[in-house]
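Shown below: work_37.txt, with compact mmCIF, C-alpha atoms and all ligand atoms.
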```txt
# COMPACT_ATOMS: atom_id res chain seq x y z
CA MET V 696 -43.17 8.46 14.80
CA ASN V 697 -43.52 8.93 18.49
CA THR V 698 -45.01 5.58 19.18
CA ARG V 699 -45.00 3.97 22.53
CA ASP V 700 -42.27 1.66 21.39
CA ASP V 701 -40.13 4.58 20.38
CA GLN V 702 -40.13 5.97 23.87
CA LEU V 703 -37.38 5.24 26.29
CA CYS V 704 -38.78 2.05 27.57
CA ILE V 705 -37.48 -0.22 30.23
CA LYS V 706 -38.89 -3.63 29.64
CA GLN V 707 -40.36 -5.98 32.15
CA PRO V 708 -37.92 -6.96 34.85
CA GLN V 709 -36.52 -10.35 35.44
CA ARG V 710 -35.38 -9.17 38.81
CA PRO V 711 -37.48 -6.10 39.44
CA SER V 712 -35.17 -4.49 41.95
CA ARG V 713 -32.58 -3.59 39.33
CA ILE V 714 -33.14 -2.16 35.94
CA ALA V 715 -29.66 -3.27 35.12
CA ASP V 716 -31.01 -6.76 35.00
CA TRP V 717 -33.79 -5.86 32.70
CA GLU V 718 -33.32 -6.74 29.14
CA GLY V 719 -33.23 -3.75 26.88
CA VAL V 720 -33.21 -0.66 29.03
CA VAL V 721 -33.98 1.31 25.94
CA SER V 722 -36.11 -0.51 23.49
CA ARG V 723 -36.30 1.94 20.68
CA ARG V 724 -34.57 1.28 17.41
CA ASN V 725 -30.83 1.36 17.48
CA ALA V 726 -30.76 2.33 21.11
CA THR V 727 -27.15 2.55 21.91
CA CYS V 728 -26.67 3.48 25.50
CA ILE V 729 -23.79 1.12 25.55
CA ILE V 730 -21.96 -0.01 28.58
CA TYR V 731 -18.57 -1.12 27.54
CA THR V 732 -18.14 -3.78 30.15
CA ASN V 733 -15.25 -5.36 28.38
CA ILE V 734 -13.24 -2.35 27.43
CA MET V 735 -10.21 -0.76 28.90
CA ALA V 736 -11.99 2.46 29.70
CA ALA V 737 -11.97 1.72 33.40
CA ALA V 738 -8.26 2.19 33.49
CA SER V 739 -8.25 5.02 31.01
CA THR V 740 -7.22 8.50 31.87
CA VAL V 741 -9.08 9.91 28.89
CA THR V 742 -11.65 12.45 30.02
CA PHE V 743 -14.20 11.42 27.45
CA SER V 744 -14.13 7.66 27.64
CA LYS V 745 -16.32 5.19 25.81
CA PHE V 746 -18.11 4.61 29.10
CA ILE V 747 -19.05 8.26 29.33
CA GLU V 748 -19.94 8.34 25.66
CA GLY V 749 -22.49 5.59 26.25
CA LYS V 750 -24.08 7.63 29.02
CA ILE V 751 -24.17 10.77 26.89
CA ARG V 752 -25.97 8.84 24.18
CA MET V 753 -28.56 7.91 26.80
CA TRP V 754 -28.82 11.55 27.82
CA PHE V 755 -29.41 12.53 24.20
CA LYS V 756 -32.25 10.03 24.02
CA MET V 757 -33.81 11.41 27.17
CA TYR V 758 -33.80 14.85 25.58
CA ASN V 759 -34.94 13.69 22.18
CA LEU V 760 -38.52 12.85 23.10
CA LYS V 761 -39.48 12.38 19.48
CA HIS V 762 -36.74 9.81 19.05
CA ASP V 763 -36.23 10.78 15.47
CA GLY V 764 -32.47 11.11 15.73
CA GLY V 765 -32.29 14.88 15.58
CA MET V 766 -32.37 17.56 18.25
CA GLY V 767 -32.96 21.25 17.99
CA MET V 768 -35.01 24.08 19.42
CA GLU V 769 -38.29 22.35 18.70
CA ASP V 770 -37.17 19.43 20.85
CA PHE V 771 -36.15 21.73 23.68
CA ASP V 772 -39.53 23.45 23.43
CA LEU V 773 -41.36 20.14 23.38
CA LEU V 774 -39.50 18.98 26.46
CA ALA V 775 -40.24 22.25 28.22
CA ASP V 776 -43.93 21.88 27.42
CA VAL V 777 -43.98 18.36 28.85
CA PHE V 778 -42.46 19.57 32.12
CA VAL V 779 -44.71 22.61 32.33
CA LYS V 780 -47.78 20.46 31.81
CA GLU V 781 -46.69 18.01 34.50
CA PHE V 782 -45.38 20.37 37.16
CA LYS V 783 -47.24 23.61 36.46
CA PRO V 784 -44.35 25.75 37.69
CA THR V 785 -44.46 29.42 38.55
CA ALA V 786 -43.91 31.79 35.66
CA ALA V 787 -40.38 32.46 36.89
CA LEU V 788 -39.52 28.79 37.10
CA GLU V 789 -41.09 28.12 33.72
CA ALA V 790 -38.92 30.86 32.24
CA ASP V 791 -35.88 29.34 33.94
CA LEU V 792 -36.75 25.90 32.58
CA LYS V 793 -37.09 27.19 29.03
CA HIS V 794 -33.96 29.27 29.38
CA TRP V 795 -31.82 26.28 30.31
CA LEU V 796 -33.35 23.90 27.83
CA GLN V 797 -33.03 26.34 24.95
CA ASN V 798 -29.77 28.03 25.82
CA CYS V 799 -27.58 25.58 27.69
CA TRP V 800 -25.34 24.93 24.72
CA SER V 801 -25.06 28.57 23.74
CA ILE V 802 -24.34 29.62 27.34
CA ILE V 803 -21.50 27.12 27.56
CA ILE V 804 -20.10 28.05 24.16
CA SER V 805 -20.34 31.74 24.88
CA GLU V 806 -18.63 31.41 28.26
CA GLY V 807 -15.97 29.18 26.71
CA LYS V 808 -15.27 31.73 24.01
CA GLU V 809 -14.88 34.42 26.66
CA VAL V 810 -12.31 32.25 28.42
CA ALA V 811 -10.44 31.92 25.12
CA LYS V 812 -10.64 35.64 24.52
CA ALA V 813 -9.13 36.27 27.94
CA GLY V 814 -6.28 33.96 27.01
CA LYS V 815 -7.00 31.61 29.90
CA PRO V 816 -6.78 27.81 29.84
CA GLY V 817 -9.96 26.02 28.83
CA GLY V 818 -11.05 28.50 26.22
CA ILE V 819 -13.37 27.25 23.49
CA THR V 820 -12.26 27.91 19.93
CA ALA V 821 -13.02 26.61 16.47
CA ASP V 822 -9.65 24.90 16.59
CA ASN V 823 -10.02 22.93 19.79
CA CYS V 824 -13.79 22.41 19.72
CA PRO V 825 -14.92 22.42 16.09
CA ALA V 826 -17.88 20.13 16.74
CA LEU V 827 -19.05 22.34 19.60
CA ILE V 828 -18.84 25.45 17.43
CA GLU V 829 -20.77 23.53 14.79
CA ILE V 830 -23.56 23.00 17.33
CA GLU V 831 -23.78 26.74 17.75
CA THR V 832 -24.16 27.16 14.00
CA ILE V 833 -26.79 24.44 13.87
CA LEU V 834 -28.89 25.93 16.65
CA ASN V 835 -28.52 29.48 15.42
CA SER V 836 -29.81 28.44 12.02
CA HIS V 837 -32.70 26.48 13.58
CA GLN V 838 -31.43 23.17 12.35
CA ARG V 839 -31.14 20.03 14.37
CA MET V 840 -28.08 18.16 15.56
CA THR V 841 -27.66 14.43 15.24
CA GLU V 842 -26.78 12.18 18.14
CA ASP V 843 -23.25 11.79 16.78
CA GLN V 844 -22.81 15.55 16.46
CA TYR V 845 -24.09 15.96 20.01
CA VAL V 846 -21.73 13.30 21.37
CA LYS V 847 -18.74 14.67 19.49
CA ALA V 848 -19.39 18.21 20.66
CA PHE V 849 -19.82 17.06 24.24
CA GLY V 850 -16.59 15.07 24.03
CA GLN V 851 -14.62 18.05 22.78
CA LEU V 852 -16.12 20.27 25.44
CA VAL V 853 -15.21 18.05 28.38
CA GLU V 854 -11.75 17.42 26.98
CA VAL V 855 -11.10 21.15 26.74
CA ASN V 856 -12.99 22.45 29.75
CA LYS V 857 -14.86 19.94 31.86
CA ASP V 858 -15.36 22.46 34.65
CA LEU V 859 -17.23 24.77 32.30
CA PHE V 860 -19.64 21.98 31.49
CA VAL V 861 -20.05 20.87 35.10
CA LYS V 862 -20.69 24.42 36.28
CA ASN V 863 -23.48 25.02 33.80
CA PHE V 864 -24.87 21.52 33.98
CA THR V 865 -25.10 21.90 37.75
CA ARG V 866 -27.08 25.09 37.28
CA MET V 867 -29.43 23.28 34.93
CA VAL V 868 -29.93 20.26 37.18
CA THR V 869 -30.53 22.62 40.07
CA MET V 870 -33.34 24.12 38.03
CA PHE V 871 -34.77 20.65 37.44
CA PHE V 872 -34.50 19.83 41.13
CA THR V 873 -36.38 23.01 42.00
CA LEU V 874 -39.05 22.01 39.51
CA PHE V 875 -39.37 18.53 40.97
CA ASP V 876 -39.32 19.72 44.59
CA THR V 877 -42.97 20.61 44.38
CA ASP V 878 -43.39 21.56 48.04
CA SER V 879 -40.12 23.50 48.04
CA ASP V 880 -38.78 21.85 51.18
CA GLY V 881 -35.38 21.24 49.62
CA PHE V 882 -35.96 17.53 49.11
CA MET V 883 -37.27 15.31 46.36
CA THR V 884 -39.60 12.41 47.05
CA VAL V 885 -39.91 9.27 45.00
CA ASP V 886 -43.16 10.55 43.55
CA ASP V 887 -41.40 13.74 42.44
CA MET V 888 -38.77 11.63 40.72
CA ILE V 889 -41.32 9.39 39.05
CA ARG V 890 -43.09 12.43 37.59
CA GLY V 891 -39.84 14.04 36.51
CA PHE V 892 -38.33 10.95 34.94
CA ARG V 893 -41.59 10.22 33.16
CA CYS V 894 -41.26 13.60 31.46
CA PHE V 895 -37.87 12.43 30.20
CA GLY V 896 -39.51 9.34 28.75
CA ILE V 897 -38.65 6.93 31.54
CA GLU V 898 -42.10 5.54 32.07
CA GLN V 899 -41.33 2.62 34.32
CA GLU V 900 -42.29 3.56 37.83
CA GLU V 901 -40.68 0.54 39.42
CA ALA V 902 -37.40 1.39 37.76
CA THR V 903 -37.46 4.91 39.06
CA ARG V 904 -38.34 3.64 42.54
CA ALA V 905 -35.25 1.44 42.41
CA ILE V 906 -33.07 4.38 41.42
CA PHE V 907 -34.53 6.49 44.19
CA GLY V 908 -34.07 3.69 46.70
CA ASP V 909 -30.39 3.35 45.88
CA LEU V 910 -29.78 7.08 46.04
CA ASP V 911 -31.69 7.34 49.32
CA LYS V 912 -28.95 5.59 51.23
CA ASN V 913 -30.32 6.35 54.68
CA LYS V 914 -33.85 5.44 53.67
CA THR V 915 -35.32 8.76 54.66
CA GLY V 916 -37.76 8.77 51.76
CA LYS V 917 -36.26 11.93 50.35
CA LEU V 918 -33.25 13.11 48.40
CA SER V 919 -31.35 16.29 48.99
CA ARG V 920 -30.47 18.66 46.19
CA ASP V 921 -26.78 17.91 46.64
CA VAL V 922 -27.22 14.15 46.33
CA TYR V 923 -29.39 14.52 43.25
CA ILE V 924 -27.06 16.94 41.49
CA ALA V 925 -23.93 15.02 42.38
CA GLU V 926 -25.41 11.87 40.92
CA TRP V 927 -26.23 13.55 37.63
CA VAL V 928 -22.80 15.16 37.42
CA GLU V 929 -21.32 11.72 37.99
CA PHE V 930 -23.53 10.37 35.23
CA MET V 931 -22.35 12.95 32.72
CA VAL V 932 -18.64 13.06 33.45
CA GLY V 933 -17.82 10.34 35.97
CA GLU V 934 -16.17 6.99 35.52
CA ASP V 935 -17.89 5.14 38.35
CA LYS V 936 -19.56 2.17 36.73
CA ASP V 937 -21.37 1.40 39.97
CA ALA V 938 -22.88 4.87 40.23
CA VAL V 939 -26.63 4.55 40.59
CA LEU V 940 -27.84 6.31 37.43
CA ALA V 941 -25.22 4.66 35.24
CA LYS V 942 -26.01 1.29 36.71
CA TYR V 943 -29.72 1.58 36.17
CA LEU V 944 -29.98 3.61 33.02
CA CYS V 945 -27.22 2.03 31.02
CA GLN V 946 -26.20 -1.40 32.09
CA GLY V 947 -27.75 -4.32 30.35
CA GLN V 948 -26.86 -2.79 27.04
CA SER V 949 -24.45 -4.58 24.86
CA CA D 1001 -39.99 18.41 48.39
```
Spell out the structure here as structure tokens.
Ligand SMILES: [Ca+2]
Amino acid sequence: MNTRDDQLCIKQPQRPSRIADWEGVVSRRNATCIIYTNIMAAASTVTFSKFIEGKIRMWFKMYNLKHDGGMGMEDFDLLADVFVKEFKPTAALEADLKHWLQNCWSIIISEGKEVAKAGKPGGITADNCPALIEIETILNSHQRMTEDQYVKAFGQLVEVNKDLFVKNFTRMVTMFFTLFDTDSDGFMTVDDMIRGFRCFGIEQEEATRAIFGDLDKNKTGKLSRDVYIAEWVEFMVGEDKDAVLAKYLCQGQS
């Protein structure tokens, strides 16, 4: 059921300026964007730490608009439709949006396999990334992956070739930025972010305003592409627990 309560839902603030202080950033059942405040991950050298895993679980939830625990092509298509309806992009941008939503995994896997074939470090194989290869099988057969499968595959990927992920993720976030930058001036406004985040199921405008405010360090009222992308890359693979998106989207979970 895609009820209101199943959506990513940031509850009423106790201190409205920080979502981190809000109880239950994600209110849906079994929401597990967990911040491991009391773990040793901070000092860990492991690429895929529990801290990052918690953020990836949040990312999965943002993608899984139906919140039914599975993700596949139909979810990517649904998400694409939501963005198209909201932003009414050009045909080229719409195609780009659908391309990245539908093919991001397969692009990464395919490029990783090529690296392996060339005998270079960071190649993706069934031996070093079995869960990632499993994702390919799942998507090719029009099945859906579970959150745990998604997290496991992501973990193997970044352990084997983080740069491959970051490169393609950057391309995808760049696409999103272009979509959100509705007047194409190279900057995103808070209203752009509110519309974009709402498409990802983050309905709380005040929360998004707080995120924007923290990212907009010089209080110019706009965010550059570089700042926006860097923050999302940090969210996906970084260990900074004070990074803005991690702080707002994940803290408060326990
Ligand atoms: Ca703009």
Using all atoms listed in the file, which protein or nucleic acid residues are at most 10 Å from ligand CA 1001 (chain D), as a PyMOL selection string? chain V and resi 872-887+917-920
So how far away is CA of Lys756 in chain V from CA of Cys824 in chain V, in Å?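 Straight-line distance from CA of Cys824 in chain V to CA of Lys756 in chain V works out to 22.6 Å.
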Pick from V:Arg890, V:Lys847, V:Lys912, V:Lys783: nearest to Ile747 in chain V, with only C-alpha atoms counted? V:Lys847
For a test of reading the model, state the distance in Å between CA of Asp911 in chain V and CA of Lys745 in chain V, rounded to one decimal.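 That distance, rounded to one decimal, is 28.2 Å.
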In terms of all atoms listed in the file, the residue from V:His762, V:Leu944, V:Ile804, V:Ala826 at minimal distance from Ala905 in chain V is V:Leu944
Axis-aligned box over every listed atom of range 755-763 of chain V, padded by 3 Å per side: centre and edges in Å to one decimal, as AutoDock Vina command-line options?
```
--center_x -34.4 --center_y 12.3 --center_z 21.3 --size_x 16.1 --size_y 11.0 --size_z 17.7
```
Pick out the closest residue to Asp791 in chain V from this set: V:Thr832, V:Asn913, V:Asn823, V:Thr869. Count all atoms listed in the file.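 Going through V:Thr832, V:Asn913, V:Asn823, V:Thr869 one by one, the smallest distance to Asp791 in chain V is for V:Thr869.
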Which of these, V:Val855, V:Leu760, V:Ala790, V:Glu829, has the shortest distance to Lys815 in chain V once you count all atoms listed in the file?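 Nearest to Lys815 in chain V: V:Val855.
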Can you measure CA of Cys799 in chain V to CA of Tyr943 in chain V for me? One decimal in Å is fine.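 Computed distance, CA of Cys799 in chain V to CA of Tyr943 in chain V, equals 25.5 Å.
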Counting all atoms listed in the file, the residue of V:Ala775, V:Ile819, V:Val861, V:Ile751 that sits nearest Tyr845 in chain V: V:Ile751
Within-9 Å shell of (-24.0, 3.7, 33.1) in input frame, all atoms listed in the file, as a ChimeraX atom specification: /V:728-730,746-747,749-750,753,930,934-946
For the residues in that selection, give me C-alpha atoms as an mmCIF file, in the coordinates of the input.
```
data_model
loop_
_atom_site.group_PDB
_atom_site.id
_atom_site.type_symbol
_atom_site.label_atom_id
_atom_site.label_comp_id
_atom_site.auth_asym_id
_atom_site.auth_seq_id
_atom_site.Cartn_x
_atom_site.Cartn_y
_atom_site.Cartn_z
ATOM 1 C CA CYS V 728 -26.670 3.480 25.500
ATOM 2 C CA ILE V 729 -23.790 1.120 25.550
ATOM 3 C CA ILE V 730 -21.960 -0.010 28.580
ATOM 4 C CA PHE V 746 -18.110 4.610 29.100
ATOM 5 C CA ILE V 747 -19.050 8.260 29.330
ATOM 6 C CA GLY V 749 -22.490 5.590 26.250
ATOM 7 C CA LYS V 750 -24.080 7.630 29.020
ATOM 8 C CA MET V 753 -28.560 7.910 26.800
ATOM 9 C CA PHE V 930 -23.530 10.370 35.230
ATOM 10 C CA GLU V 934 -16.170 6.990 35.520
ATOM 11 C CA ASP V 935 -17.890 5.140 38.350
ATOM 12 C CA LYS V 936 -19.560 2.170 36.730
ATOM 13 C CA ASP V 937 -21.370 1.400 39.970
ATOM 14 C CA ALA V 938 -22.880 4.870 40.230
ATOM 15 C CA VAL V 939 -26.630 4.550 40.590
ATOM 16 C CA LEU V 940 -27.840 6.310 37.430
ATOM 17 C CA ALA V 941 -25.220 4.660 35.240
ATOM 18 C CA LYS V 942 -26.010 1.290 36.710
ATOM 19 C CA TYR V 943 -29.720 1.580 36.170
ATOM 20 C CA LEU V 944 -29.980 3.610 33.020
ATOM 21 C CA CYS V 945 -27.220 2.030 31.020
ATOM 22 C CA GLN V 946 -26.200 -1.400 32.090
#
```
Just the residues within 9 Å of Thr903 in chain V, please, counting only C-alpha atoms, with nothing from its chain fewer than 3 positions along; format it as a PDB file with C-alpha atoms, keeping the file's coordinate frame.
```
ATOM      1  CA  ILE V 714     -33.140  -2.160  35.940  1.00  0.00           C
ATOM      2  CA  VAL V 885     -39.910   9.270  45.000  1.00  0.00           C
ATOM      3  CA  MET V 888     -38.770  11.630  40.720  1.00  0.00           C
ATOM      4  CA  ILE V 889     -41.320   9.390  39.050  1.00  0.00           C
ATOM      5  CA  PHE V 892     -38.330  10.950  34.940  1.00  0.00           C
ATOM      6  CA  ARG V 893     -41.590  10.220  33.160  1.00  0.00           C
ATOM      7  CA  ILE V 897     -38.650   6.930  31.540  1.00  0.00           C
ATOM      8  CA  GLU V 898     -42.100   5.540  32.070  1.00  0.00           C
ATOM      9  CA  GLN V 899     -41.330   2.620  34.320  1.00  0.00           C
ATOM     10  CA  GLU V 900     -42.290   3.560  37.830  1.00  0.00           C
ATOM     11  CA  ILE V 906     -33.070   4.380  41.420  1.00  0.00           C
ATOM     12  CA  PHE V 907     -34.530   6.490  44.190  1.00  0.00           C
ATOM     13  CA  GLY V 908     -34.070   3.690  46.700  1.00  0.00           C
ATOM     14  CA  TYR V 943     -29.720   1.580  36.170  1.00  0.00           C
TER      15      TYR V 943
END
```
Spatial neighbours of Met867 in chain V, max dist 8 Å, all atoms listed in the file, sep filter under 4 positions, as a PyMOL selection string: chain V and resi 795+799+863+871
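For the point (-12.3, 12.9, 29.8), the residues with an atom at a distance of at most 10 Å are V:Ser739, V:Thr740, V:Val741, V:Thr742, V:Phe743, V:Ser744, V:Lys745, V:Ile747, V:Glu748, V:Gly850, V:Gln851, V:Leu852, V:Val853, V:Glu854, V:Val855, V:Asn856, V:Lys857, V:Val932, V:Gly933, V:Glu934, counting all atoms listed in the file.
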